[in-house]
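Engineer: Input structure: target31.csv, which contains CSV, N, CA and C atoms.
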```
chain,number,residue,atom,x,y,z
N,22,MET,N,0.8,-1.2,0.0
N,22,MET,CA,0.0,0.0,0.0
N,22,MET,C,0.9,1.3,0.0
N,23,ILE,N,0.5,2.2,-0.8
N,23,ILE,CA,1.3,3.5,-0.9
N,23,ILE,C,0.7,4.4,0.1
N,24,GLU,N,1.6,5.0,0.9
N,24,GLU,CA,1.2,6.0,1.9
N,24,GLU,C,1.6,7.4,1.4
N,25,ILE,N,0.7,8.3,1.6
N,25,ILE,CA,1.0,9.7,1.3
N,25,ILE,C,2.0,10.2,2.4
N,26,LEU,N,3.0,11.0,2.0
N,26,LEU,CA,3.9,11.6,2.9
N,26,LEU,C,3.2,12.5,3.9
N,27,GLU,N,3.8,12.7,5.0
N,27,GLU,CA,3.3,13.6,6.0
N,27,GLU,C,3.4,15.0,5.4
N,28,LYS,N,2.6,16.0,5.9
N,28,LYS,CA,2.7,17.4,5.4
N,28,LYS,C,4.1,17.9,5.5
N,29,THR,N,4.8,17.6,6.6
N,29,THR,CA,6.2,18.1,6.7
N,29,THR,C,7.1,17.6,5.6
N,30,GLU,N,6.9,16.3,5.2
N,30,GLU,CA,7.7,15.8,4.1
N,30,GLU,C,7.4,16.4,2.8
N,31,ILE,N,6.1,16.6,2.6
N,31,ILE,CA,5.6,17.2,1.3
N,31,ILE,C,6.2,18.6,1.2
N,32,GLY,N,6.1,19.3,2.3
N,32,GLY,CA,6.6,20.7,2.4
N,32,GLY,C,8.1,20.8,2.1
N,33,GLN,N,8.8,19.8,2.7
N,33,GLN,CA,10.3,19.8,2.5
N,33,GLN,C,10.6,19.5,1.1
N,34,ARG,N,9.9,18.6,0.4
N,34,ARG,CA,10.1,18.3,-1.0
N,34,ARG,C,9.8,19.5,-1.8
N,35,ILE,N,8.7,20.2,-1.6
N,35,ILE,CA,8.4,21.4,-2.3
N,35,ILE,C,9.5,22.4,-2.2
N,36,ARG,N,10.0,22.6,-0.9
N,36,ARG,CA,11.0,23.6,-0.6
N,36,ARG,C,12.3,23.2,-1.4
N,37,GLN,N,12.7,22.0,-1.3
N,37,GLN,CA,13.9,21.5,-2.0
N,37,GLN,C,13.8,21.7,-3.5
N,38,LEU,N,12.7,21.4,-4.1
N,38,LEU,CA,12.5,21.6,-5.5
N,38,LEU,C,12.5,23.1,-5.9
N,39,ARG,N,11.9,23.9,-5.0
N,39,ARG,CA,11.8,25.4,-5.3
N,39,ARG,C,13.2,26.0,-5.3
N,40,THR,N,14.0,25.6,-4.3
N,40,THR,CA,15.4,26.1,-4.1
N,40,THR,C,16.3,25.6,-5.2
N,41,THR,N,16.1,24.3,-5.6
N,41,THR,CA,16.9,23.7,-6.7
N,41,THR,C,16.6,24.5,-8.0
N,42,ASN,N,15.4,25.0,-8.2
N,42,ASN,CA,15.0,25.8,-9.3
N,42,ASN,C,15.3,27.3,-9.2
N,43,ASP,N,16.0,27.6,-8.1
N,43,ASP,CA,16.4,29.0,-7.8
N,43,ASP,C,15.3,30.0,-7.7
N,44,TYR,N,14.2,29.6,-7.1
N,44,TYR,CA,13.1,30.5,-6.8
N,44,TYR,C,13.1,30.9,-5.4
N,45,THR,N,12.9,32.2,-5.1
N,45,THR,CA,12.7,32.6,-3.8
N,45,THR,C,11.3,32.3,-3.4
N,46,GLN,N,11.0,32.4,-2.1
N,46,GLN,CA,9.6,32.1,-1.8
N,46,GLN,C,8.6,33.1,-2.4
N,47,ALA,N,9.1,34.4,-2.5
N,47,ALA,CA,8.2,35.4,-3.1
N,47,ALA,C,8.0,35.2,-4.6
N,48,GLU,N,9.1,34.8,-5.3
N,48,GLU,CA,8.9,34.5,-6.7
N,48,GLU,C,8.0,33.3,-7.0
N,49,PHE,N,8.2,32.3,-6.2
N,49,PHE,CA,7.4,31.1,-6.4
N,49,PHE,C,6.0,31.2,-6.0
N,50,ALA,N,5.8,32.0,-4.9
N,50,ALA,CA,4.4,32.3,-4.5
N,50,ALA,C,3.6,33.0,-5.6
N,51,GLU,N,4.3,34.0,-6.2
N,51,GLU,CA,3.7,34.8,-7.3
N,51,GLU,C,3.4,33.9,-8.5
N,52,LEU,N,4.3,33.0,-8.9
N,52,LEU,CA,4.2,32.2,-10.0
N,52,LEU,C,3.0,31.1,-9.8
N,53,THR,N,2.8,30.7,-8.6
N,53,THR,CA,1.8,29.7,-8.3
N,53,THR,C,0.5,30.4,-7.8
N,54,ASP,N,0.5,31.7,-7.7
N,54,ASP,CA,-0.7,32.4,-7.3
N,54,ASP,C,-1.2,32.1,-5.9
N,55,ILE,N,-0.2,32.0,-5.0
N,55,ILE,CA,-0.5,31.8,-3.6
N,55,ILE,C,0.3,32.9,-2.8
N,56,SER,N,-0.1,33.1,-1.6
N,56,SER,CA,0.6,34.1,-0.8
N,56,SER,C,2.0,33.5,-0.3
N,57,VAL,N,2.9,34.4,0.0
N,57,VAL,CA,4.2,33.9,0.6
N,57,VAL,C,4.0,33.2,1.9
N,58,ASN,N,3.1,33.8,2.7
N,58,ASN,CA,2.8,33.2,4.0
N,58,ASN,C,2.2,31.8,3.9
N,59,PHE,N,1.3,31.6,2.9
N,59,PHE,CA,0.7,30.3,2.7
N,59,PHE,C,1.8,29.3,2.2
N,60,LEU,N,2.7,29.7,1.3
N,60,LEU,CA,3.8,28.9,0.8
N,60,LEU,C,4.7,28.5,2.0
N,61,SER,N,5.0,29.4,2.8
N,61,SER,CA,5.8,29.1,4.0
N,61,SER,C,5.2,28.1,4.9
N,62,GLU,N,3.9,28.2,5.1
N,62,GLU,CA,3.1,27.3,5.9
N,62,GLU,C,3.1,25.9,5.3
N,63,ILE,N,3.0,25.8,4.0
N,63,ILE,CA,3.1,24.5,3.2
N,63,ILE,C,4.4,23.9,3.4
N,64,GLU,N,5.5,24.7,3.2
N,64,GLU,CA,6.8,24.2,3.3
N,64,GLU,C,7.2,23.8,4.7
N,65,ASN,N,6.6,24.4,5.7
N,65,ASN,CA,6.9,24.0,7.1
N,65,ASN,C,5.9,22.9,7.6
N,66,GLY,N,5.1,22.4,6.7
N,66,GLY,CA,4.2,21.3,7.1
N,66,GLY,C,3.0,21.8,8.0
N,67,LYS,N,2.8,23.0,8.1
N,67,LYS,CA,1.7,23.5,8.9
N,67,LYS,C,0.3,23.5,8.2
N,68,LYS,N,0.4,23.6,6.8
N,68,LYS,CA,-0.9,23.6,6.1
N,68,LYS,C,-0.8,22.6,4.9
N,69,GLY,N,-1.9,22.0,4.6
N,69,GLY,CA,-2.0,21.2,3.4
N,69,GLY,C,-2.3,22.0,2.2
N,70,LEU,N,-2.5,21.4,1.1
N,70,LEU,CA,-2.8,22.2,-0.1
N,70,LEU,C,-3.9,21.5,-0.9
N,71,SER,N,-4.6,22.3,-1.6
N,71,SER,CA,-5.7,21.8,-2.5
N,71,SER,C,-5.2,21.2,-3.7
N,72,GLN,N,-6.0,20.5,-4.5
N,72,GLN,CA,-5.7,20.0,-5.7
N,72,GLN,C,-5.2,21.0,-6.7
N,73,ASP,N,-5.9,22.2,-6.7
N,73,ASP,CA,-5.5,23.3,-7.6
N,73,ASP,C,-4.1,23.8,-7.3
N,74,THR,N,-3.9,24.0,-6.0
N,74,THR,CA,-2.5,24.5,-5.6
N,74,THR,C,-1.5,23.5,-5.9
N,75,LEU,N,-1.7,22.2,-5.7
N,75,LEU,CA,-0.8,21.1,-6.0
N,75,LEU,C,-0.5,21.1,-7.5
N,76,ALA,N,-1.6,21.2,-8.3
N,76,ALA,CA,-1.4,21.2,-9.8
N,76,ALA,C,-0.5,22.4,-10.2
N,77,LYS,N,-0.7,23.6,-9.6
N,77,LYS,CA,0.1,24.8,-10.0
N,77,LYS,C,1.5,24.6,-9.6
N,78,ILE,N,1.8,24.0,-8.4
N,78,ILE,CA,3.1,23.8,-8.0
N,78,ILE,C,3.8,22.7,-8.9
N,79,CYS,N,3.1,21.6,-9.2
N,79,CYS,CA,3.7,20.6,-10.0
N,79,CYS,C,4.1,21.2,-11.4
N,80,LYS,N,3.1,21.9,-11.9
N,80,LYS,CA,3.4,22.5,-13.3
N,80,LYS,C,4.6,23.4,-13.3
N,81,GLN,N,4.7,24.3,-12.3
N,81,GLN,CA,5.8,25.2,-12.2
N,81,GLN,C,7.1,24.5,-12.0
N,82,LEU,N,7.1,23.5,-11.2
N,82,LEU,CA,8.4,22.7,-10.9
N,82,LEU,C,8.6,21.6,-11.9
N,83,ASN,N,7.7,21.4,-12.8
N,83,ASN,CA,7.8,20.3,-13.8
N,83,ASN,C,8.0,19.0,-13.2
N,84,VAL,N,7.2,18.6,-12.2
N,84,VAL,CA,7.2,17.3,-11.6
N,84,VAL,C,5.8,16.8,-11.5
N,85,SER,N,5.7,15.5,-11.3
N,85,SER,CA,4.4,14.9,-11.1
N,85,SER,C,3.9,15.0,-9.7
N,86,ALA,N,2.6,14.9,-9.5
N,86,ALA,CA,2.0,14.9,-8.2
N,86,ALA,C,2.5,13.7,-7.4
N,87,ASP,N,2.8,12.6,-8.1
N,87,ASP,CA,3.3,11.4,-7.4
N,87,ASP,C,4.6,11.8,-6.7
N,88,TYR,N,5.4,12.5,-7.3
N,88,TYR,CA,6.7,12.9,-6.7
N,88,TYR,C,6.5,13.7,-5.4
N,89,ILE,N,5.6,14.7,-5.5
N,89,ILE,CA,5.3,15.6,-4.3
N,89,ILE,C,4.7,14.8,-3.2
N,90,LEU,N,3.6,14.0,-3.6
N,90,LEU,CA,2.8,13.3,-2.6
N,90,LEU,C,3.4,12.0,-2.0
N,91,PHE,N,4.0,11.3,-2.9
N,91,PHE,CA,4.4,9.9,-2.5
N,91,PHE,C,5.9,9.8,-2.4
N,92,GLY,N,6.7,10.7,-3.0
N,92,GLY,CA,8.1,10.7,-2.9
N,92,GLY,C,8.8,9.9,-3.9
N,93,PHE,N,8.1,9.5,-5.0
N,93,PHE,CA,8.8,8.8,-6.0
N,93,PHE,C,8.4,9.4,-7.4
N,94,LYS,N,9.3,9.3,-8.3
N,94,LYS,CA,9.0,9.8,-9.7
N,94,LYS,C,8.3,8.7,-10.4
N,95,GLN,N,7.4,9.2,-11.3
N,95,GLN,CA,6.7,8.3,-12.1
N,95,GLN,C,7.6,7.6,-13.1
N,96,LYS,N,7.4,6.3,-13.1
N,96,LYS,CA,8.2,5.4,-14.0
N,96,LYS,C,7.8,5.7,-15.4
N,97,SER,N,8.7,5.7,-16.3
N,97,SER,CA,8.4,5.8,-17.7
N,97,SER,C,8.1,4.5,-18.3
N,98,ALA,N,7.1,4.4,-19.1
N,98,ALA,CA,6.7,3.1,-19.7
N,98,ALA,C,7.7,2.8,-20.7
N,99,SER,N,8.0,1.5,-20.9
N,99,SER,CA,8.9,1.1,-21.9
N,99,SER,C,8.2,1.1,-23.2
N,100,LEU,N,9.0,1.1,-24.3
N,100,LEU,CA,8.4,1.1,-25.6
N,100,LEU,C,7.6,-0.1,-25.8
N,101,VAL,N,8.0,-1.3,-25.3
N,101,VAL,CA,7.3,-2.5,-25.4
N,101,VAL,C,5.9,-2.4,-24.7
N,102,ASP,N,5.9,-1.8,-23.5
N,102,ASP,CA,4.7,-1.6,-22.7
N,102,ASP,C,3.7,-0.8,-23.5
N,103,LEU,N,4.2,0.3,-24.1
N,103,LEU,CA,3.4,1.2,-24.9
N,103,LEU,C,2.8,0.5,-26.1
N,104,ALA,N,3.7,-0.3,-26.8
N,104,ALA,CA,3.3,-1.0,-28.0
N,104,ALA,C,2.2,-2.0,-27.7
N,105,ASN,N,2.3,-2.6,-26.5
N,105,ASN,CA,1.3,-3.6,-26.2
N,105,ASN,C,-0.1,-3.0,-25.9
N,106,THR,N,-0.2,-1.7,-25.8
N,106,THR,CA,-1.5,-1.1,-25.6
N,106,THR,C,-2.2,-0.8,-26.9
N,107,LEU,N,-1.4,-0.9,-28.0
N,107,LEU,CA,-1.9,-0.5,-29.3
N,107,LEU,C,-2.6,-1.6,-30.1
N,108,THR,N,-3.6,-1.3,-30.9
N,108,THR,CA,-4.2,-2.3,-31.8
N,108,THR,C,-3.2,-2.5,-33.0
N,109,ILE,N,-3.5,-3.6,-33.8
N,109,ILE,CA,-2.6,-3.9,-34.9
N,109,ILE,C,-2.6,-2.7,-35.9
N,110,GLU,N,-3.8,-2.1,-36.1
N,110,GLU,CA,-3.9,-0.9,-37.0
N,110,GLU,C,-3.0,0.2,-36.5
N,111,GLU,N,-3.1,0.5,-35.2
N,111,GLU,CA,-2.3,1.6,-34.6
N,111,GLU,C,-0.8,1.3,-34.7
N,112,LEU,N,-0.4,0.0,-34.5
N,112,LEU,CA,1.0,-0.4,-34.6
N,112,LEU,C,1.5,-0.2,-36.1
N,113,GLU,N,0.7,-0.6,-37.0
N,113,GLU,CA,1.1,-0.4,-38.4
N,113,GLU,C,1.2,1.0,-38.8
N,114,THR,N,0.3,1.9,-38.3
N,114,THR,CA,0.4,3.3,-38.5
N,114,THR,C,1.7,3.9,-37.9
N,115,THR,N,2.0,3.4,-36.7
N,115,THR,CA,3.2,3.8,-36.0
N,115,THR,C,4.5,3.4,-36.7
N,116,ILE,N,4.5,2.2,-37.2
N,116,ILE,CA,5.6,1.8,-38.0
N,116,ILE,C,5.8,2.6,-39.3
N,117,ARG,N,4.7,2.9,-40.0
N,117,ARG,CA,4.9,3.8,-41.2
N,117,ARG,C,5.4,5.2,-40.8
N,118,TYR,N,4.9,5.7,-39.7
N,118,TYR,CA,5.4,7.0,-39.2
N,118,TYR,C,6.9,7.0,-38.9
N,119,LEU,N,7.3,5.9,-38.2
N,119,LEU,CA,8.7,5.8,-37.8
N,119,LEU,C,9.6,5.7,-39.0
N,120,ARG,N,9.1,4.9,-40.0
N,120,ARG,CA,9.9,4.8,-41.3
N,120,ARG,C,10.0,6.1,-41.9
N,121,SER,N,9.0,6.9,-41.9
N,121,SER,CA,9.1,8.3,-42.5
N,121,SER,C,10.1,9.1,-41.8
N,122,LEU,N,10.1,9.1,-40.5
N,122,LEU,CA,11.0,9.8,-39.7
N,122,LEU,C,12.5,9.4,-40.0
N,123,ILE,N,12.7,8.1,-40.1
N,123,ILE,CA,14.0,7.6,-40.4
N,123,ILE,C,14.5,8.1,-41.8
N,124,GLU,N,13.6,8.1,-42.8
N,124,GLU,CA,14.0,8.7,-44.1
N,124,GLU,C,14.3,10.2,-44.0
N,125,MET,N,13.5,10.9,-43.2
N,125,MET,CA,13.8,12.3,-43.1
N,125,MET,C,15.1,12.6,-42.4
N,126,LYS,N,15.4,11.8,-41.4
N,126,LYS,CA,16.7,11.9,-40.7
N,126,LYS,C,17.9,11.6,-41.7
N,127,LYS,N,17.7,10.6,-42.5
N,127,LYS,CA,18.7,10.2,-43.5
N,127,LYS,C,19.0,11.4,-44.4
N,128,MET,N,18.0,12.1,-44.8
N,128,MET,CA,18.1,13.3,-45.7
N,128,MET,C,18.9,14.4,-45.1
N,129,GLU,N,18.8,14.5,-43.8
N,129,GLU,CA,19.5,15.6,-43.0
N,129,GLU,C,21.0,15.3,-43.0
N,130,ILE,N,21.5,14.1,-43.1
N,130,ILE,CA,22.9,13.8,-43.0
N,130,ILE,C,23.7,14.2,-44.2
```
Just dump the structure as structure tokens.
Structural biologist:
Amino acid sequence: MIEILEKTEIGQRIRQLRTTNDYTQAEFAELTDISVNFLSEIENGKKGLSQDTLAKICKQLNVSADYILFGFKQKSASLVDLANTLTIEELETTIRYLRSLIEMKKMEI
């Protein structure tokens, strides 16, 4: 079972990402349309955040909500996993598209 991190851990993760991206609290609060005081309370684990605020924070920091809430980055699906979700028709279209891309790349050389 996956457990959501405590507010303090979520806040620490947000603070770490904010500082890694060289945002001051004031800059980041403005970019995410929240007050500096509220951002400080989130980062210190005193307040939780709404879905809207979480979405704004994730978008600005270019991370998934999984990373903020659960502490892990979303795994990328392998090409085989993605291909297995396609119908035969979709696979054939994808192959034609890839062949076209290969030919275009060859012309660039």
Engineer: So which bits of chain N end up helix (DSSP H, G or I) when you DSSP the backbone, as number ranges by chain?
Structural biologist: N: 28-41, 46-52, 57-64, 72-82, 86-91, 100-104, 109-129
Engineer: One decimal, in Å: what's the spacing between CA of Glu51 in chain N and CA of Leu75 in chain N?
Structural biologist: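 Distance reported for this atom pair: 14.5 Å.
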Engineer: Report, in Å to a single decimal, how far apart CA of Lys67 in chain N and CA of Asp87 in chain N are.
Structural biologist: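 Value for the CA of Asp87 in chain N-CA of Lys67 in chain N distance: 20.4 Å.
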Engineer: What separation in Å, quoted to one decimal, exists between CA of Gln33 in chain N and atom C of Val84 in chain N?
Structural biologist: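 About the pair CA of Gln33 in chain N and atom C of Val84 in chain N: they are 15.0 Å apart.
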Engineer: Using only N, CA and C atoms for the distances, tell me which of N:Phe49, N:Thr115, N:Glu64, N:Leu90 is nearest to Gln37 in chain N.
Structural biologist: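 Going through N:Phe49, N:Thr115, N:Glu64, N:Leu90 one by one, the smallest distance to Gln37 in chain N is for N:Glu64.
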Engineer: Counting all atoms listed in the file, what is within 8 Å of Thr74 in chain N, bar same-chain residues fewer than 3 positions away, as a PyMOL selection string?
Structural biologist: chain N and resi 53-55+70-71+77-80
Engineer: Counting only C-alpha atoms, which residue out of N:Asp73, N:Ala86, N:Ser56, N:Gln81 sits closest to Arg39 in chain N?
Structural biologist: N:Gln81
Engineer: Please write range 26-44 of chain N of the preceding block to a file containing N, CA, C and O atoms, as a PDB file, in the first residue's frame?
Structural biologist:
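Contents of out_27.pdb, freshly written:
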```pdb
ATOM      1  N   LEU N  26       2.965  10.998   1.961  1.00  0.00           N
ATOM      2  CA  LEU N  26       3.916  11.560   2.911  1.00  0.00           C
ATOM      3  C   LEU N  26       3.218  12.508   3.872  1.00  0.00           C
ATOM      4  O   LEU N  26       2.176  13.070   3.566  1.00  0.00           O
ATOM      5  N   GLU N  27       3.790  12.680   5.014  1.00  0.00           N
ATOM      6  CA  GLU N  27       3.292  13.642   5.978  1.00  0.00           C
ATOM      7  C   GLU N  27       3.424  15.048   5.401  1.00  0.00           C
ATOM      8  O   GLU N  27       4.252  15.287   4.519  1.00  0.00           O
ATOM      9  N   LYS N  28       2.634  15.983   5.911  1.00  0.00           N
ATOM     10  CA  LYS N  28       2.694  17.374   5.430  1.00  0.00           C
ATOM     11  C   LYS N  28       4.101  17.940   5.504  1.00  0.00           C
ATOM     12  O   LYS N  28       4.520  18.670   4.612  1.00  0.00           O
ATOM     13  N   THR N  29       4.824  17.584   6.556  1.00  0.00           N
ATOM     14  CA  THR N  29       6.187  18.130   6.674  1.00  0.00           C
ATOM     15  C   THR N  29       7.085  17.603   5.560  1.00  0.00           C
ATOM     16  O   THR N  29       7.895  18.349   5.015  1.00  0.00           O
ATOM     17  N   GLU N  30       6.926  16.332   5.216  1.00  0.00           N
ATOM     18  CA  GLU N  30       7.737  15.766   4.137  1.00  0.00           C
ATOM     19  C   GLU N  30       7.361  16.362   2.785  1.00  0.00           C
ATOM     20  O   GLU N  30       8.238  16.632   1.965  1.00  0.00           O
ATOM     21  N   ILE N  31       6.074  16.557   2.564  1.00  0.00           N
ATOM     22  CA  ILE N  31       5.611  17.181   1.325  1.00  0.00           C
ATOM     23  C   ILE N  31       6.165  18.600   1.242  1.00  0.00           C
ATOM     24  O   ILE N  31       6.686  19.015   0.204  1.00  0.00           O
ATOM     25  N   GLY N  32       6.089  19.323   2.332  1.00  0.00           N
ATOM     26  CA  GLY N  32       6.608  20.693   2.374  1.00  0.00           C
ATOM     27  C   GLY N  32       8.103  20.751   2.128  1.00  0.00           C
ATOM     28  O   GLY N  32       8.592  21.619   1.398  1.00  0.00           O
ATOM     29  N   GLN N  33       8.836  19.825   2.725  1.00  0.00           N
ATOM     30  CA  GLN N  33      10.289  19.778   2.519  1.00  0.00           C
ATOM     31  C   GLN N  33      10.625  19.486   1.061  1.00  0.00           C
ATOM     32  O   GLN N  33      11.543  20.067   0.497  1.00  0.00           O
ATOM     33  N   ARG N  34       9.858  18.595   0.443  1.00  0.00           N
ATOM     34  CA  ARG N  34      10.094  18.258  -0.955  1.00  0.00           C
ATOM     35  C   ARG N  34       9.829  19.474  -1.847  1.00  0.00           C
ATOM     36  O   ARG N  34      10.608  19.779  -2.752  1.00  0.00           O
ATOM     37  N   ILE N  35       8.748  20.192  -1.565  1.00  0.00           N
ATOM     38  CA  ILE N  35       8.431  21.400  -2.338  1.00  0.00           C
ATOM     39  C   ILE N  35       9.533  22.436  -2.153  1.00  0.00           C
ATOM     40  O   ILE N  35       9.996  23.045  -3.124  1.00  0.00           O
ATOM     41  N   ARG N  36       9.974  22.643  -0.909  1.00  0.00           N
ATOM     42  CA  ARG N  36      11.042  23.615  -0.646  1.00  0.00           C
ATOM     43  C   ARG N  36      12.320  23.240  -1.398  1.00  0.00           C
ATOM     44  O   ARG N  36      12.965  24.074  -2.021  1.00  0.00           O
ATOM     45  N   GLN N  37      12.672  21.962  -1.334  1.00  0.00           N
ATOM     46  CA  GLN N  37      13.890  21.499  -2.010  1.00  0.00           C
ATOM     47  C   GLN N  37      13.796  21.739  -3.511  1.00  0.00           C
ATOM     48  O   GLN N  37      14.736  22.228  -4.139  1.00  0.00           O
ATOM     49  N   LEU N  38      12.668  21.424  -4.113  1.00  0.00           N
ATOM     50  CA  LEU N  38      12.486  21.635  -5.548  1.00  0.00           C
ATOM     51  C   LEU N  38      12.492  23.124  -5.897  1.00  0.00           C
ATOM     52  O   LEU N  38      13.064  23.533  -6.906  1.00  0.00           O
ATOM     53  N   ARG N  39      11.860  23.926  -5.048  1.00  0.00           N
ATOM     54  CA  ARG N  39      11.822  25.378  -5.281  1.00  0.00           C
ATOM     55  C   ARG N  39      13.225  25.952  -5.261  1.00  0.00           C
ATOM     56  O   ARG N  39      13.613  26.700  -6.156  1.00  0.00           O
ATOM     57  N   THR N  40      14.008  25.585  -4.258  1.00  0.00           N
ATOM     58  CA  THR N  40      15.361  26.137  -4.146  1.00  0.00           C
ATOM     59  C   THR N  40      16.285  25.582  -5.238  1.00  0.00           C
ATOM     60  O   THR N  40      17.130  26.304  -5.748  1.00  0.00           O
ATOM     61  N   THR N  41      16.092  24.323  -5.622  1.00  0.00           N
ATOM     62  CA  THR N  41      16.870  23.748  -6.714  1.00  0.00           C
ATOM     63  C   THR N  41      16.622  24.520  -8.007  1.00  0.00           C
ATOM     64  O   THR N  41      17.515  24.678  -8.830  1.00  0.00           O
ATOM     65  N   ASN N  42      15.393  25.011  -8.161  1.00  0.00           N
ATOM     66  CA  ASN N  42      15.026  25.784  -9.348  1.00  0.00           C
ATOM     67  C   ASN N  42      15.319  27.275  -9.181  1.00  0.00           C
ATOM     68  O   ASN N  42      14.898  28.088 -10.002  1.00  0.00           O
ATOM     69  N   ASP N  43      16.020  27.633  -8.104  1.00  0.00           N
ATOM     70  CA  ASP N  43      16.440  29.017  -7.833  1.00  0.00           C
ATOM     71  C   ASP N  43      15.293  30.015  -7.720  1.00  0.00           C
ATOM     72  O   ASP N  43      15.409  31.157  -8.155  1.00  0.00           O
ATOM     73  N   TYR N  44      14.185  29.583  -7.122  1.00  0.00           N
ATOM     74  CA  TYR N  44      13.074  30.489  -6.845  1.00  0.00           C
ATOM     75  C   TYR N  44      13.125  30.916  -5.386  1.00  0.00           C
ATOM     76  O   TYR N  44      13.312  30.078  -4.504  1.00  0.00           O
TER      77      TYR N  44
END
```
